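work.cif follows (mmCIF, C-alpha atoms):
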```cif
data_query
loop_
_atom_site.label_atom_id
_atom_site.label_comp_id
_atom_site.auth_asym_id
_atom_site.auth_seq_id
_atom_site.Cartn_x
_atom_site.Cartn_y
_atom_site.Cartn_z
CA MET H 1 -1.24 34.17 10.42
CA LYS H 2 -4.62 33.39 11.95
CA ARG H 3 -6.03 32.65 8.49
CA PHE H 4 -3.10 30.34 7.72
CA LEU H 5 -3.65 28.42 10.96
CA TYR H 6 -7.38 28.00 10.29
CA LEU H 7 -6.64 26.76 6.77
CA PHE H 8 -4.01 24.39 8.10
CA PHE H 9 -6.45 23.08 10.67
CA PHE H 10 -9.06 22.53 7.95
CA LEU H 11 -6.48 20.61 5.88
CA LEU H 12 -5.44 18.58 8.94
CA ILE H 13 -9.04 17.48 9.53
CA LEU H 14 -9.31 16.30 5.91
CA PHE H 15 -5.96 14.51 6.12
CA TRP H 16 -6.98 12.96 9.44
CA LEU H 17 -10.18 11.63 7.87
CA GLU H 18 -8.43 10.27 4.79
CA ALA H 19 -5.66 8.63 6.84
CA ALA H 20 -8.21 6.97 9.16
CA PHE H 21 -10.28 5.72 6.22
CA ARG H 22 -7.14 4.41 4.49
CA LYS H 23 -6.09 2.55 7.62
CA VAL H 24 -9.43 0.80 8.01
CA PHE H 25 -10.37 0.37 4.36
CA ALA H 26 -6.87 -0.31 3.06
CA THR H 27 -6.49 -0.56 -0.72
CA SER H 28 -10.15 0.38 -1.21
CA TYR H 29 -10.93 2.75 -4.05
CA PHE H 30 -14.07 3.96 -2.27
CA VAL H 31 -12.03 6.21 0.01
CA PRO H 32 -12.20 9.78 -1.32
CA GLN H 33 -9.00 11.76 -1.85
CA PHE H 34 -9.72 14.46 0.73
CA VAL H 35 -6.29 16.08 0.44
CA ILE H 36 -6.47 16.34 -3.35
CA LEU H 37 -10.01 17.74 -2.98
CA PHE H 38 -8.66 20.38 -0.59
CA ILE H 39 -6.15 21.50 -3.22
CA THR H 40 -8.93 21.50 -5.84
CA VAL H 41 -11.34 23.68 -3.87
CA PHE H 42 -8.43 25.94 -2.91
CA ALA H 43 -7.31 26.31 -6.54
CA VAL H 44 -10.81 27.28 -7.67
CA SER H 45 -10.77 30.63 -5.88
CA ARG H 46 -7.13 31.37 -5.10
CA ASP H 47 -4.24 32.37 -7.34
CA MET H 48 -1.67 29.89 -8.54
CA LYS H 49 1.13 31.14 -6.31
CA GLU H 50 -0.80 30.67 -3.07
CA THR H 51 -2.17 27.32 -4.28
CA LEU H 52 1.34 26.05 -4.97
CA TYR H 53 2.44 26.89 -1.41
CA TRP H 54 -0.43 24.80 -0.14
CA CYS H 55 0.43 22.01 -2.58
CA PHE H 56 3.68 21.57 -0.67
CA ILE H 57 1.97 21.57 2.73
CA ALA H 58 -0.84 19.22 1.70
CA GLY H 59 1.57 17.16 -0.40
CA PHE H 60 3.90 16.66 2.54
CA LEU H 61 1.03 15.26 4.61
CA GLY H 62 0.19 12.88 1.77
CA GLU H 63 3.84 11.84 1.53
CA LEU H 64 3.72 10.44 5.07
CA PHE H 65 1.82 7.37 3.91
CA SER H 66 2.22 7.54 0.15
CA GLY H 67 4.33 4.42 -0.30
CA LEU H 68 5.84 5.76 -3.51
CA TYR H 69 9.10 7.69 -3.68
CA PHE H 70 9.12 10.96 -1.73
CA GLY H 71 7.76 13.83 -3.82
CA THR H 72 5.14 11.86 -5.75
CA PHE H 73 2.21 13.19 -3.74
CA ILE H 74 3.50 16.78 -3.80
CA PHE H 75 3.90 16.48 -7.57
CA MET H 76 0.33 15.14 -7.82
CA CYS H 77 -0.96 18.10 -5.81
CA ILE H 78 0.82 20.50 -8.17
CA ILE H 79 -0.72 18.76 -11.19
CA ALA H 80 -4.16 18.74 -9.50
CA ALA H 81 -3.85 22.49 -8.93
CA ALA H 82 -2.76 23.07 -12.53
CA ILE H 83 -5.70 21.03 -13.88
CA THR H 84 -8.16 22.95 -11.69
CA HIS H 85 -6.68 26.30 -12.73
CA PHE H 86 -6.81 25.38 -16.40
CA VAL H 87 -10.42 24.17 -16.28
CA THR H 88 -11.79 27.00 -14.15
CA ARG H 89 -9.84 29.83 -15.86
CA LYS H 90 -9.61 28.70 -19.47
CA ALA H 91 -12.22 26.08 -20.20
CA ALA H 92 -15.13 27.03 -17.94
CA TYR H 93 -16.39 29.75 -15.65
CA GLN H 94 -14.86 30.03 -12.21
CA ASP H 95 -18.32 29.49 -10.78
CA ILE H 96 -18.40 25.78 -9.98
CA SER H 97 -21.18 23.87 -11.71
CA PHE H 98 -21.75 20.15 -11.59
CA SER H 99 -20.38 19.61 -15.11
CA THR H 100 -17.21 21.61 -14.30
CA VAL H 101 -16.65 19.48 -11.20
CA MET H 102 -17.18 16.34 -13.24
CA VAL H 103 -14.53 17.46 -15.74
CA ILE H 104 -12.03 18.47 -13.04
CA VAL H 105 -12.46 15.30 -10.97
CA ALA H 106 -12.44 13.00 -14.01
CA LEU H 107 -9.29 14.64 -15.37
CA GLN H 108 -7.60 14.41 -11.97
CA VAL H 109 -8.52 10.78 -11.37
CA LEU H 110 -7.31 9.78 -14.83
CA LEU H 111 -4.24 12.00 -15.13
CA LEU H 112 -2.82 11.98 -11.59
CA PRO H 113 -1.89 8.26 -11.67
CA PHE H 114 -0.18 8.84 -15.00
CA PHE H 115 1.83 11.77 -13.63
CA ALA H 116 2.64 9.78 -10.49
CA TRP H 117 3.99 7.02 -12.74
CA LEU H 118 5.91 9.59 -14.80
CA PHE H 119 7.46 11.04 -11.64
CA ASN H 120 8.54 7.59 -10.48
CA LEU H 121 9.88 6.86 -13.96
CA ALA H 122 12.07 9.98 -13.71
CA VAL H 123 13.20 9.15 -10.17
CA GLY H 124 13.79 5.55 -11.27
CA GLY H 125 15.91 6.88 -14.12
CA LEU H 126 18.15 8.54 -11.53
CA GLY H 127 18.56 5.16 -9.87
CA LEU H 128 16.81 6.26 -6.69
CA THR H 129 13.98 3.73 -6.92
CA VAL H 130 12.58 0.94 -9.07
CA HIS H 131 9.65 2.49 -10.90
CA PRO H 132 6.45 0.45 -10.72
CA PRO H 133 4.84 -0.64 -14.03
CA LEU H 134 2.19 1.65 -15.53
CA ALA H 135 -0.50 -1.04 -15.21
CA GLU H 136 -0.14 -0.82 -11.44
CA PHE H 137 -1.37 2.78 -11.51
CA PHE H 138 -4.55 2.14 -13.43
CA SER H 139 -7.52 0.02 -12.50
CA TRP H 140 -11.17 0.09 -13.53
CA LYS H 141 -11.86 0.69 -9.83
CA LEU H 142 -10.71 4.28 -10.37
CA VAL H 143 -14.33 4.85 -11.43
CA TRP H 144 -15.32 4.46 -7.77
CA ARG H 145 -12.70 7.00 -6.75
CA MET H 146 -14.11 9.38 -9.36
CA VAL H 147 -17.66 8.95 -8.05
CA MET H 148 -16.61 9.41 -4.41
CA ASN H 149 -14.48 12.46 -5.19
CA MET H 150 -17.37 14.07 -7.11
CA PHE H 151 -19.76 13.27 -4.29
CA LEU H 152 -17.46 14.73 -1.62
CA PHE H 153 -16.34 17.75 -3.63
CA PHE H 154 -19.48 19.78 -2.95
CA PRO H 155 -19.58 19.52 0.87
CA ILE H 156 -15.85 20.26 1.09
CA ASN H 157 -16.21 23.16 -1.33
CA LYS H 158 -19.19 24.51 0.61
CA SER H 159 -17.34 24.30 3.96
CA PHE H 160 -14.32 25.98 2.42
CA ARG H 161 -16.43 28.84 1.02
CA ILE H 162 -18.25 29.33 4.35
CA PHE H 163 -15.08 29.49 6.44
CA PHE H 164 -12.46 31.02 4.14
CA ASP H 165 -14.08 33.09 1.39
CA GLU H 166 -13.48 36.44 2.99
CA MET A 1 -0.99 31.45 -18.30
CA PRO A 2 2.76 31.94 -18.96
CA GLN A 3 3.02 33.35 -15.42
CA ASN A 4 1.30 30.25 -14.09
CA LEU A 5 3.66 28.04 -16.06
CA ALA A 6 6.65 29.89 -14.58
CA GLN A 7 5.25 29.41 -11.09
CA ILE A 8 4.61 25.70 -11.69
CA SER A 9 8.16 25.31 -13.03
CA LEU A 10 9.47 27.02 -9.91
CA ALA A 11 7.41 24.66 -7.74
CA VAL A 12 8.80 21.64 -9.60
CA PHE A 13 12.30 23.04 -9.08
CA ALA A 14 11.58 23.40 -5.34
CA LEU A 15 10.35 19.79 -5.38
CA ILE A 16 13.64 18.67 -6.94
CA ILE A 17 15.49 20.40 -4.08
CA LEU A 18 13.26 18.55 -1.61
CA LEU A 19 14.09 15.30 -3.41
CA PHE A 20 17.78 15.96 -2.91
CA LEU A 21 17.22 16.80 0.77
CA GLN A 22 15.32 13.53 1.15
CA GLY A 23 18.11 11.72 -0.72
CA PHE A 24 20.62 13.01 1.83
CA GLY A 25 18.32 11.95 4.69
CA VAL A 26 17.67 15.49 5.93
CA LEU A 27 13.87 15.05 5.90
CA GLY A 28 13.96 11.57 7.44
CA PRO A 29 13.47 12.60 11.10
CA VAL A 30 10.65 15.03 10.15
CA ILE A 31 8.81 12.35 8.15
CA ASP A 32 9.37 9.79 10.92
CA GLY A 33 8.00 12.05 13.66
CA SER A 34 5.05 13.15 11.53
CA ARG A 35 4.15 9.54 10.64
CA LEU A 36 4.14 8.46 14.28
CA ALA A 37 2.16 11.55 15.34
CA ALA A 38 -0.38 11.03 12.55
CA ASN A 39 -0.71 7.37 13.46
CA PHE A 40 -1.42 8.34 17.06
CA ALA A 41 -3.92 11.02 16.03
CA ILE A 42 -5.98 8.80 13.72
CA ARG A 43 -6.43 6.02 16.29
CA PRO A 44 -9.83 7.21 17.66
CA ALA A 45 -11.28 7.74 14.18
CA ALA A 46 -9.86 4.42 12.96
CA ALA A 47 -11.35 2.61 15.97
CA VAL A 48 -14.82 4.02 15.24
CA LEU A 49 -14.51 3.16 11.53
CA GLU A 50 -13.32 -0.37 12.34
CA LYS A 51 -16.34 -0.97 14.57
CA THR A 52 -18.66 0.40 11.88
CA ARG A 53 -17.01 -1.79 9.22
CA ASP A 54 -17.15 -4.92 11.38
CA PHE A 55 -20.78 -4.33 12.30
CA THR A 56 -21.77 -3.76 8.66
CA VAL A 57 -19.89 -6.84 7.48
CA ALA A 58 -21.48 -8.95 10.24
CA PHE A 59 -24.94 -7.57 9.49
CA PHE A 60 -24.78 -8.43 5.80
CA SER A 61 -23.15 -11.81 6.29
CA VAL A 62 -25.35 -13.13 9.09
CA HIS A 63 -26.96 -15.69 6.76
CA SER A 64 -23.68 -17.21 5.69
CA LEU A 65 -22.31 -17.20 9.27
CA VAL A 66 -24.38 -20.22 10.27
CA SER A 67 -23.15 -22.41 7.41
CA GLN A 68 -19.62 -21.06 7.84
CA ASN A 69 -19.76 -21.98 11.52
CA GLU A 70 -20.63 -25.57 10.64
CA ILE A 71 -17.81 -25.77 8.06
CA LEU A 72 -15.32 -24.25 10.50
CA THR A 73 -16.34 -26.62 13.29
CA ASN A 74 -15.63 -29.59 11.01
CA LYS A 75 -12.37 -27.94 10.00
CA VAL A 76 -11.35 -27.53 13.66
CA HIS A 77 -11.93 -31.24 14.25
CA SER A 78 -9.88 -32.28 11.23
CA LEU A 79 -7.10 -29.78 12.07
CA SER A 80 -6.98 -31.01 15.67
CA ALA A 81 -6.35 -34.52 14.35
CA GLU A 82 -3.67 -33.18 11.96
CA LEU A 83 -2.07 -31.24 14.82
CA ALA A 84 -1.78 -34.39 16.93
CA GLU A 85 -0.09 -36.17 14.01
CA ALA A 86 2.21 -33.19 13.39
CA GLU A 87 3.24 -33.09 17.06
CA GLN A 88 4.07 -36.77 16.93
CA ALA A 89 6.08 -36.24 13.72
CA ARG A 90 7.89 -33.28 15.29
CA GLU A 91 8.91 -35.38 18.27
CA GLU A 92 10.12 -38.17 15.97
CA ASN A 93 11.98 -35.59 13.91
CA ARG A 94 13.69 -34.22 17.04
CA ILE A 95 14.74 -37.68 18.15
CA LEU A 96 16.08 -38.57 14.67
CA ARG A 97 17.93 -35.24 14.39
CA GLU A 98 19.60 -35.88 17.73
CA ALA A 99 20.46 -39.44 16.71
CA LEU A 100 21.98 -38.31 13.40
CA GLY A 101 23.68 -35.25 14.91
CA PHE A 102 21.84 -32.76 12.64
CA GLN A 103 22.21 -29.07 13.32
CA GLY A 104 19.19 -27.65 15.15
CA GLU A 105 16.74 -25.31 13.44
CA THR A 106 17.96 -21.75 13.21
CA LYS A 107 16.14 -19.40 15.54
CA LEU A 108 14.87 -16.33 13.74
CA ASN A 109 15.65 -12.90 15.12
CA LEU A 110 12.18 -11.35 15.04
CA THR A 111 11.16 -7.78 15.74
CA PRO A 112 7.43 -7.10 16.11
CA ALA A 113 6.11 -4.09 14.23
CA GLN A 114 2.76 -2.43 13.81
CA VAL A 115 1.39 -1.53 10.38
CA ILE A 116 0.80 2.21 10.61
CA SER A 117 -0.71 2.62 7.19
CA TYR A 118 -1.04 1.12 3.77
CA ASP A 119 -0.05 2.85 0.57
CA TYR A 120 -1.94 6.13 0.69
CA LEU A 121 -2.09 6.43 -3.08
CA ASN A 122 -3.31 2.89 -3.54
CA PHE A 123 -1.07 2.45 -6.57
CA ASP A 124 1.51 0.24 -5.06
CA GLN A 125 1.44 -2.60 -2.57
CA LYS A 126 3.26 -1.03 0.32
CA ALA A 127 2.75 -0.57 4.02
CA ILE A 128 4.43 1.65 6.59
CA LEU A 129 5.72 0.00 9.78
CA ASN A 130 6.39 1.71 13.11
CA ARG A 131 9.91 0.29 13.42
CA GLY A 132 12.99 1.57 11.68
CA ARG A 133 16.75 1.76 11.64
CA ASP A 134 16.86 2.51 15.38
CA ASP A 135 15.31 -0.93 15.99
CA GLY A 136 17.91 -2.62 13.82
CA LEU A 137 15.81 -2.95 10.68
CA ALA A 138 17.51 -2.83 7.29
CA VAL A 139 16.47 -2.86 3.65
CA GLY A 140 15.96 -6.45 2.52
CA ASP A 141 14.72 -7.81 5.85
CA ASN A 142 11.89 -10.30 5.34
CA VAL A 143 8.54 -9.59 6.98
CA VAL A 144 6.37 -12.42 8.27
CA ILE A 145 3.31 -12.99 10.35
CA SER A 146 3.18 -15.74 12.91
CA PRO A 147 4.08 -18.55 12.39
CA GLY A 148 6.39 -17.98 9.45
CA ILE A 149 3.99 -16.77 6.77
CA LEU A 150 5.80 -14.46 4.38
CA VAL A 151 4.07 -11.14 3.74
CA GLY A 152 6.75 -8.86 2.33
CA ILE A 153 10.18 -7.31 2.42
CA ILE A 154 11.54 -4.04 3.80
CA THR A 155 12.25 -1.64 0.94
CA ASP A 156 13.07 1.60 2.72
CA VAL A 157 14.13 2.40 6.27
CA SER A 158 14.05 5.65 8.24
CA GLY A 159 15.04 6.13 11.86
CA LYS A 160 11.76 5.13 13.45
CA THR A 161 9.61 3.89 10.55
CA SER A 162 10.08 1.72 7.49
CA GLU A 163 8.35 0.75 4.27
CA MET A 164 7.41 -2.81 3.48
CA GLU A 165 6.51 -4.03 0.00
CA LEU A 166 3.94 -6.81 0.04
CA ILE A 167 4.60 -9.98 -1.94
CA THR A 168 1.40 -9.30 -3.92
CA SER A 169 3.13 -6.31 -5.54
CA SER A 170 3.98 -6.85 -9.20
CA ASN A 171 7.54 -5.69 -8.45
CA MET A 172 8.10 -8.81 -6.37
CA ALA A 173 9.55 -12.14 -7.43
CA VAL A 174 10.02 -14.81 -4.77
CA ASN A 175 11.75 -18.11 -5.42
CA GLY A 176 9.30 -20.76 -4.28
CA ARG A 177 8.78 -24.49 -4.22
CA THR A 178 6.07 -26.90 -3.22
CA THR A 179 6.44 -28.35 0.28
CA ASP A 180 7.02 -31.82 -1.18
CA GLY A 181 9.82 -30.38 -3.33
CA ASN A 182 8.31 -31.69 -6.57
CA ALA A 183 8.05 -28.30 -8.25
CA THR A 184 10.00 -25.05 -8.09
CA GLY A 185 9.18 -21.71 -9.64
CA ILE A 186 8.89 -17.99 -9.15
CA VAL A 187 6.05 -16.48 -7.16
CA ARG A 188 4.95 -13.12 -8.55
CA GLY A 189 2.43 -10.57 -7.36
CA GLU A 190 -0.47 -9.77 -9.62
CA HIS A 191 -0.99 -6.03 -9.13
CA GLY A 192 -2.08 -6.65 -5.55
CA LEU A 193 -4.83 -9.06 -6.57
CA GLY A 194 -3.14 -12.31 -5.67
CA LEU A 195 -0.12 -14.45 -6.42
CA LEU A 196 1.06 -16.39 -9.42
CA LEU A 197 3.51 -19.30 -9.48
CA ASP A 198 5.40 -19.04 -12.75
CA GLN A 199 8.35 -20.67 -14.53
CA VAL A 200 7.54 -24.18 -13.32
CA SER A 201 9.00 -26.73 -15.74
CA GLN A 202 6.52 -29.06 -17.49
CA THR A 203 8.47 -32.02 -16.17
CA GLU A 204 7.73 -31.04 -12.58
CA SER A 205 4.62 -32.17 -10.75
CA LEU A 206 2.34 -29.32 -9.73
CA LYS A 207 -1.24 -29.84 -8.64
CA LYS A 208 -4.16 -28.04 -7.04
CA GLY A 209 -3.81 -27.87 -3.25
CA ASP A 210 0.00 -27.85 -3.23
CA LYS A 211 1.45 -25.65 -0.50
CA ILE A 212 4.10 -23.18 -1.68
CA VAL A 213 7.03 -22.13 0.51
CA THR A 214 10.07 -19.98 -0.16
CA SER A 215 13.02 -21.95 -1.50
CA GLY A 216 15.70 -19.55 -0.26
CA LEU A 217 17.37 -19.46 -3.69
CA GLY A 218 19.10 -16.17 -4.36
CA GLY A 219 19.22 -15.32 -0.67
CA LYS A 220 16.66 -12.51 -0.86
CA PHE A 221 14.07 -14.52 1.06
CA ILE A 222 14.79 -16.96 3.87
CA ASN A 223 13.72 -20.51 3.00
CA ASN A 224 10.65 -22.37 4.23
CA PHE A 225 8.36 -19.38 4.77
CA PHE A 226 4.81 -20.29 3.78
CA VAL A 227 3.52 -18.27 0.84
CA GLY A 228 0.18 -19.78 -0.17
CA THR A 229 -1.77 -22.64 -1.68
CA VAL A 230 -2.21 -23.53 -5.36
CA VAL A 231 -5.85 -23.14 -6.37
CA GLU A 232 -5.69 -23.39 -10.15
CA ILE A 233 -3.24 -24.60 -12.78
CA ARG A 234 -3.56 -22.04 -15.54
CA SER A 235 -1.30 -23.21 -18.33
CA GLY A 236 -1.82 -26.09 -20.76
CA SER A 237 0.58 -28.95 -21.45
CA SER A 238 1.65 -27.37 -24.78
CA GLU A 239 3.22 -24.37 -23.05
CA LEU A 240 6.86 -24.22 -22.09
CA PHE A 241 6.24 -23.59 -18.38
CA GLN A 242 3.43 -24.31 -15.97
CA THR A 243 1.68 -21.42 -14.28
CA ALA A 244 -0.61 -21.58 -11.27
CA SER A 245 -2.75 -19.19 -9.24
CA ILE A 246 -1.98 -19.10 -5.54
CA ILE A 247 -4.22 -18.04 -2.70
CA PRO A 248 -1.99 -16.08 -0.32
CA ALA A 249 -1.60 -17.51 3.16
CA ALA A 250 -2.48 -14.19 4.76
CA ASP A 251 -5.07 -11.47 4.28
CA PHE A 252 -2.80 -8.64 3.25
CA ARG A 253 -5.53 -6.03 3.64
CA ASN A 254 -5.90 -6.55 7.37
CA LEU A 255 -2.36 -6.79 8.67
CA GLU A 256 -1.91 -5.12 12.02
CA ILE A 257 1.10 -6.73 13.67
CA VAL A 258 3.93 -8.24 11.64
CA PHE A 259 7.38 -9.58 12.49
CA VAL A 260 10.51 -8.35 10.77
CA VAL A 261 13.18 -11.03 10.42
CA LYS A 262 16.47 -9.30 11.12
CA ARG A 263 19.42 -10.73 9.23
#
```
Encoded form using structure tokens:
Amino acid sequence: MKRFLYLFFFLLILFWLEAAFRKVFATSYFVPQFVILFITVFAVSRDMKETLYWCFIAGFLGELFSGLYFGTFIFMCIIAAAITHFVTRKAAYQDISFSTVMVIVALQVLLLPFFAWLFNLAVGGLGLTVHPPLAEFFSWKLVWRMVMNMFLFFPINKSFRIFFDE
Amino acid sequence: MPQNLAQISLAVFALIILLFLQGFGVLGPVIDGSRLAANFAIRPAAAVLEKTRDFTVAFFSVHSLVSQNEILTNKVHSLSAELAEAEQAREENRILREALGFQGETKLNLTPAQVISYDYLNFDQKAILNRGRDDGLAVGDNVVISPGILVGIITDVSGKTSEMELITSSNMAVNGRTTDGNATGIVRGEHGLGLLLDQVSQTESLKKGDKIVTSGLGGKFINNFFVGTVVEIRSGSSELFQTASIIPAADFRNLEIVFVVKR
């Protein structure tokens, strides 16, 4: 229980930072995706089952300000976890190197918008929302998001390892 | 891997259940409370970041501030003269309306709201407001900033919060016209980058500097809300319709307080 609370507190700090940055630098692609990075560093060392639980917790926090239909951010967290698991278990060693991080972050930044669009397409198909056009999900500015996420991955990963790698 | 796939499928199934719960409004109060609590919690950090941003912007733009100051001073003088003329015209208008027995201008029922956050994912052009159904807001309510500049429309309402879609979103289409009434068209968002006036007939007169307001056609948007100013006519005379780029009347990235027009 204590471990869960500490993890939750760690996630809350990251969410708090991302939410504050988003409020001040609205619509800027320079703001790193702290919550997605939390799921990524979590998925590197933990099993899929535990990661998926945390996808729902972290995803719910993201949903608060997501703007898209409810569930999009949770779905993105699940996909982010799946990408990380695939890369670190099947395509590379679990030990995180710079190139592995580059692959994970690049895949996430490019694929997550697509899956978010796909999710909204499905929800739109049910008549629950009007799905936004695909072009809205992609911008060349995603490159900045990729750079920032890569840059921030290592400090977050290091903090996570120090506090929670029992 | 198959075990992982099974677990992911189970998670997606759980997500579908959550979607249904949200559809029935079960999660609404939880989301509402969490949004307001998060908004309260991020205030200190946001204040520090705002100060840092403002200082940095001021530091790097100190050279242009001097010339801007001169331009703005001249602008103030010219606008003061325009204001005096407008006040005179307003008074004349009032007198003529009374003389002709015209109906007075409709008073708008405005509810002030604070922008809690912008779209977290940055994909769409949406903002979360700290007013909701409990304050009488409903889907379709227009959102303006003072004095009557259209910024968006309410697309989703919870008890204490609501979602507003900005007019710069590519999902939006606003019936607009020039203030002189010489041209009508449809104002569309350009993926959050700006606005485009489209579907203007070649026979209509549209020129750079024209002010665009809502026409009220279709009833989705109340008429005479200011939308923006034409800065460039994009299409040639050989095309079926005229198209023009519009500079929005408001800076949509820095909205803090808005007014929801209750129907």
Identify, on the basis of all atoms listed in the file, every residue whose closest approach to H:Trp16 does not exceed 12 Å; exclude the query and any residue fewer than 6 positions from it along the same chain; express the result as a PyMOL selection string.
-> (chain H and resi 8-10+22-23+33-35+58+61-62+64-65) or (chain A and resi 35+37-46)
Using C-alpha atoms, can you write the selected residues to a file as a PDB file, keeping the file's coordinate frame?
```
ATOM      1  CA  PHE H   8      -4.010  24.390   8.100  1.00  0.00           C
ATOM      2  CA  PHE H   9      -6.450  23.080  10.670  1.00  0.00           C
ATOM      3  CA  PHE H  10      -9.060  22.530   7.950  1.00  0.00           C
ATOM      4  CA  ARG H  22      -7.140   4.410   4.490  1.00  0.00           C
ATOM      5  CA  LYS H  23      -6.090   2.550   7.620  1.00  0.00           C
ATOM      6  CA  GLN H  33      -9.000  11.760  -1.850  1.00  0.00           C
ATOM      7  CA  PHE H  34      -9.720  14.460   0.730  1.00  0.00           C
ATOM      8  CA  VAL H  35      -6.290  16.080   0.440  1.00  0.00           C
ATOM      9  CA  ALA H  58      -0.840  19.220   1.700  1.00  0.00           C
ATOM     10  CA  LEU H  61       1.030  15.260   4.610  1.00  0.00           C
ATOM     11  CA  GLY H  62       0.190  12.880   1.770  1.00  0.00           C
ATOM     12  CA  LEU H  64       3.720  10.440   5.070  1.00  0.00           C
ATOM     13  CA  PHE H  65       1.820   7.370   3.910  1.00  0.00           C
TER      14      PHE H  65
ATOM     15  CA  ARG A  35       4.150   9.540  10.640  1.00  0.00           C
ATOM     16  CA  ALA A  37       2.160  11.550  15.340  1.00  0.00           C
ATOM     17  CA  ALA A  38      -0.380  11.030  12.550  1.00  0.00           C
ATOM     18  CA  ASN A  39      -0.710   7.370  13.460  1.00  0.00           C
ATOM     19  CA  PHE A  40      -1.420   8.340  17.060  1.00  0.00           C
ATOM     20  CA  ALA A  41      -3.920  11.020  16.030  1.00  0.00           C
ATOM     21  CA  ILE A  42      -5.980   8.800  13.720  1.00  0.00           C
ATOM     22  CA  ARG A  43      -6.430   6.020  16.290  1.00  0.00           C
ATOM     23  CA  PRO A  44      -9.830   7.210  17.660  1.00  0.00           C
ATOM     24  CA  ALA A  45     -11.280   7.740  14.180  1.00  0.00           C
ATOM     25  CA  ALA A  46      -9.860   4.420  12.960  1.00  0.00           C
TER      26      ALA A  46
END
```
Translate the PyMOL selection byres ((chain H) within 8 of (chain A)) into a concrete residue list for this structure, as a tab-separated table (two decimals) with C-alpha atoms, in the frame of the given file.
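Heads up, here's the output in out-v2.tsv:
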```tsv
chain	number	residue	atom	x	y	z
H	16	TRP	CA	-6.98	12.96	9.44
H	17	LEU	CA	-10.18	11.63	7.87
H	19	ALA	CA	-5.66	8.63	6.84
H	20	ALA	CA	-8.21	6.97	9.16
H	21	PHE	CA	-10.28	5.72	6.22
H	22	ARG	CA	-7.14	4.41	4.49
H	23	LYS	CA	-6.09	2.55	7.62
H	24	VAL	CA	-9.43	0.80	8.01
H	26	ALA	CA	-6.87	-0.31	3.06
H	27	THR	CA	-6.49	-0.56	-0.72
H	28	SER	CA	-10.15	0.38	-1.21
H	29	TYR	CA	-10.93	2.75	-4.05
H	48	MET	CA	-1.67	29.89	-8.54
H	49	LYS	CA	1.13	31.14	-6.31
H	52	LEU	CA	1.34	26.05	-4.97
H	62	GLY	CA	0.19	12.88	1.77
H	64	LEU	CA	3.72	10.44	5.07
H	65	PHE	CA	1.82	7.37	3.91
H	66	SER	CA	2.22	7.54	0.15
H	67	GLY	CA	4.33	4.42	-0.30
H	68	LEU	CA	5.84	5.76	-3.51
H	70	PHE	CA	9.12	10.96	-1.73
H	71	GLY	CA	7.76	13.83	-3.82
H	74	ILE	CA	3.50	16.78	-3.80
H	75	PHE	CA	3.90	16.48	-7.57
H	78	ILE	CA	0.82	20.50	-8.17
H	82	ALA	CA	-2.76	23.07	-12.53
H	113	PRO	CA	-1.89	8.26	-11.67
H	132	PRO	CA	6.45	0.45	-10.72
H	133	PRO	CA	4.84	-0.64	-14.03
H	135	ALA	CA	-0.50	-1.04	-15.21
H	136	GLU	CA	-0.14	-0.82	-11.44
H	137	PHE	CA	-1.37	2.78	-11.51
H	138	PHE	CA	-4.55	2.14	-13.43
```
If the PyMOL selection byres ((chain A and resi 228) around 9) is run on the structure shown, which residues does it catch, given as an NGL selection string?
-> :A and (149-150 or 195 or 210-213 or 226-227 or 229-230 or 246-250)
Chain and number of each residue from the PyMOL selection byres ((chain H and resi 150) around 12), as a VMD selection string = chain H and resid 30 to 34 36 to 37 40 to 41 97 to 109 143 to 149 151 to 157
May I have the residues from that selection written out with C-alpha atoms, as a compact mmCIF listing (two decimals), keeping the file's coordinate frame?
```
# COMPACT_ATOMS: atom_id res chain seq x y z
CA PHE H 30 -14.07 3.96 -2.27
CA VAL H 31 -12.03 6.21 0.01
CA PRO H 32 -12.20 9.78 -1.32
CA GLN H 33 -9.00 11.76 -1.85
CA PHE H 34 -9.72 14.46 0.73
CA ILE H 36 -6.47 16.34 -3.35
CA LEU H 37 -10.01 17.74 -2.98
CA THR H 40 -8.93 21.50 -5.84
CA VAL H 41 -11.34 23.68 -3.87
CA SER H 97 -21.18 23.87 -11.71
CA PHE H 98 -21.75 20.15 -11.59
CA SER H 99 -20.38 19.61 -15.11
CA THR H 100 -17.21 21.61 -14.30
CA VAL H 101 -16.65 19.48 -11.20
CA MET H 102 -17.18 16.34 -13.24
CA VAL H 103 -14.53 17.46 -15.74
CA ILE H 104 -12.03 18.47 -13.04
CA VAL H 105 -12.46 15.30 -10.97
CA ALA H 106 -12.44 13.00 -14.01
CA LEU H 107 -9.29 14.64 -15.37
CA GLN H 108 -7.60 14.41 -11.97
CA VAL H 109 -8.52 10.78 -11.37
CA VAL H 143 -14.33 4.85 -11.43
CA TRP H 144 -15.32 4.46 -7.77
CA ARG H 145 -12.70 7.00 -6.75
CA MET H 146 -14.11 9.38 -9.36
CA VAL H 147 -17.66 8.95 -8.05
CA MET H 148 -16.61 9.41 -4.41
CA ASN H 149 -14.48 12.46 -5.19
CA PHE H 151 -19.76 13.27 -4.29
CA LEU H 152 -17.46 14.73 -1.62
CA PHE H 153 -16.34 17.75 -3.63
CA PHE H 154 -19.48 19.78 -2.95
CA PRO H 155 -19.58 19.52 0.87
CA ILE H 156 -15.85 20.26 1.09
CA ASN H 157 -16.21 23.16 -1.33
```
Closest of A:Ile154, A:Ala99, A:Leu197, A:Leu110 to A:Ala173 - atom-to-atom distances counting only C-alpha atoms =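 Nearest candidate to A:Ala173 out of A:Ile154, A:Ala99, A:Leu197, A:Leu110: A:Leu197.
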